[in-house]
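**Student:** Quick one: the structure is below, questions incoming.
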Amino acid sequence: MDGKHIHLKYKICVSGAADTGHCAPDALDKAKELGHWVAKNNAVLVNGATTGFPFWAAIGAKEADGFTIGLSPAGSEKEHIETYKLPMDYMDIIVYTGFGYSGRNLLLTRSADAVIFGCGRWGTINEFTIALEDGKPIGVLEGSGGSTEVIRDIIEKSQRGPGNIVYDSDPKRLVEKVLEMVKKGKVVKA
């Protein structure tokens, strides 16, 4: 290496529910589209190595010839499959954190340059508050259901400022807005 700084690809985390029964009817299609646009923008898709919304985002990234990294709550491949019952598909690399879901959520959001949230539940809200507290660029996929329907309320009622958040119902535009924030290096602590 010649000593020059080489810019690595941006890492965009896609967060959402593993169980998607409560999501909008088109949420999984939009998750897949998110993954597609993360890959097409030459970024790496990071997720919780799980099922549901994050899984479909990984499918979209892989179908667009993207690279995916999953952070598992399990401590090993065996535990990932047998105890947590999580998939191995569509992941180029799985990091076995061994920290359960809450520890994995912290590492997941901190390892990414930005986090995009789709339809989620309790764990997605946990990841959202971590990313918000850390000043990460955040994208919210409006209209996908679940936790995305309460995020504006959380921001308003917390009385700590708007955070570093962009909203859009179109996956392509949302990925572009999030990457624009990342490239500008904009950080707003909540």
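Identifiers in this document derive from the order of the structure tokens: chains are assigned A, B, ..., residues are numbered from 1 separately in each chain, and ligands are numbered from 1 in order of occurrence.
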If you count only C-alpha atoms, which residues fall within 9 Å of Phe67 (chain A), apart from same-chain ones fewer than 6 positions away, as a VMD selection string?
**Tutor:** chain A and resid 39 42 to 46 58 61 91 to 93
**Student:** Need the shell around Pro137 (chain A): protein/DNA/RNA residues with any atom at most 9 Å away, counting only C-alpha atoms. Skip same-chain ones fewer than 2 positions apart. Format as a ChimeraX atom specification?
**Tutor:** /A:113-116,131-132,135,139,163-166,178-179,181-182,185-188
**Student:** Name the residues of chain A that come out as strand (DSSP E or B) in a backbone DSSP run; write them as an MDAnalysis selection string.
**Tutor:** chainID A and resid 11:15 23 44:47 68:72 93:96 114:117 138:141 145 165:168
**Student:** Skip Asp153 (chain A) itself and residues of its chain fewer than 6 positions away, then list as a PyMOL selection string all residues within 12 Å of it, counting only C-alpha atoms.
**Tutor:** chain A and resi 147+159+162
**Student:** So, counting only C-alpha atoms, which residue among A:Glu180, A:Glu33, A:Glu133, A:Glu142 is closest to Ser158 (chain A)?
**Tutor:**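 Using only C-alpha atoms, the shortest distance to Ser158 (chain A) belongs to A:Glu133.
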**Student:** When distances are computed from only C-alpha atoms, which of A:Gly66, A:Gly35, A:Gly52, A:Gly60 shows the smallest separation from Arg121 (chain A)?
**Tutor:**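 Nearest to Arg121 (chain A): A:Gly52.
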**Student:** Find the spatial neighbours of Gly123 (chain A), counting only C-alpha atoms, within a cut-off of 10 Å - ignore same-chain residues fewer than 5 positions away - and output them as a list in words.
**Tutor:**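 My list of contacting residues is Ser15, Gly16, Ala17, Ala18, Tyr101, Ser102, Asn105, Phe128, Thr129 and Ser147 of chain A.
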**Student:** Next, write the just-selected residues to a file, as a tab-separated table (two decimals), in the first residue's frame, keeping N, CA and C atoms as the atom set.
**Tutor:**
chain	number	residue	atom	x	y	z
A	15	SER	N	-32.84	-2.17	9.11
A	15	SER	CA	-33.44	-2.70	10.34
A	15	SER	C	-34.95	-2.83	10.15
A	16	GLY	N	-35.50	-3.88	10.73
A	16	GLY	CA	-36.94	-4.09	10.67
A	16	GLY	C	-37.30	-5.40	11.34
A	17	ALA	N	-38.57	-5.72	11.31
A	17	ALA	CA	-39.11	-6.88	12.02
A	17	ALA	C	-38.71	-8.20	11.37
A	18	ALA	N	-38.38	-9.17	12.23
A	18	ALA	CA	-38.16	-10.54	11.77
A	18	ALA	C	-39.50	-11.21	11.47
A	101	TYR	N	-29.89	-10.57	21.53
A	101	TYR	CA	-30.47	-9.54	20.66
A	101	TYR	C	-30.09	-8.12	21.06
A	102	SER	N	-30.14	-7.80	22.34
A	102	SER	CA	-29.87	-6.41	22.73
A	102	SER	C	-28.42	-6.02	22.48
A	105	ASN	N	-27.94	-5.65	18.75
A	105	ASN	CA	-28.51	-4.41	18.24
A	105	ASN	C	-27.55	-3.24	18.38
A	128	PHE	N	-33.45	1.83	16.69
A	128	PHE	CA	-33.71	3.23	16.34
A	128	PHE	C	-33.17	4.16	17.43
A	129	THR	N	-33.46	3.88	18.69
A	129	THR	CA	-33.02	4.78	19.76
A	129	THR	C	-31.50	4.77	19.90
A	147	SER	N	-43.38	-0.15	13.57
A	147	SER	CA	-42.69	0.91	14.30
A	147	SER	C	-42.51	2.20	13.50
**Student:** Which residue out of A:Val175, A:Thr124, A:Lys183, A:Gly103 has the minimum interatomic distance to Asn41 (chain A) when only C-alpha atoms are used?
**Tutor:** A:Val175
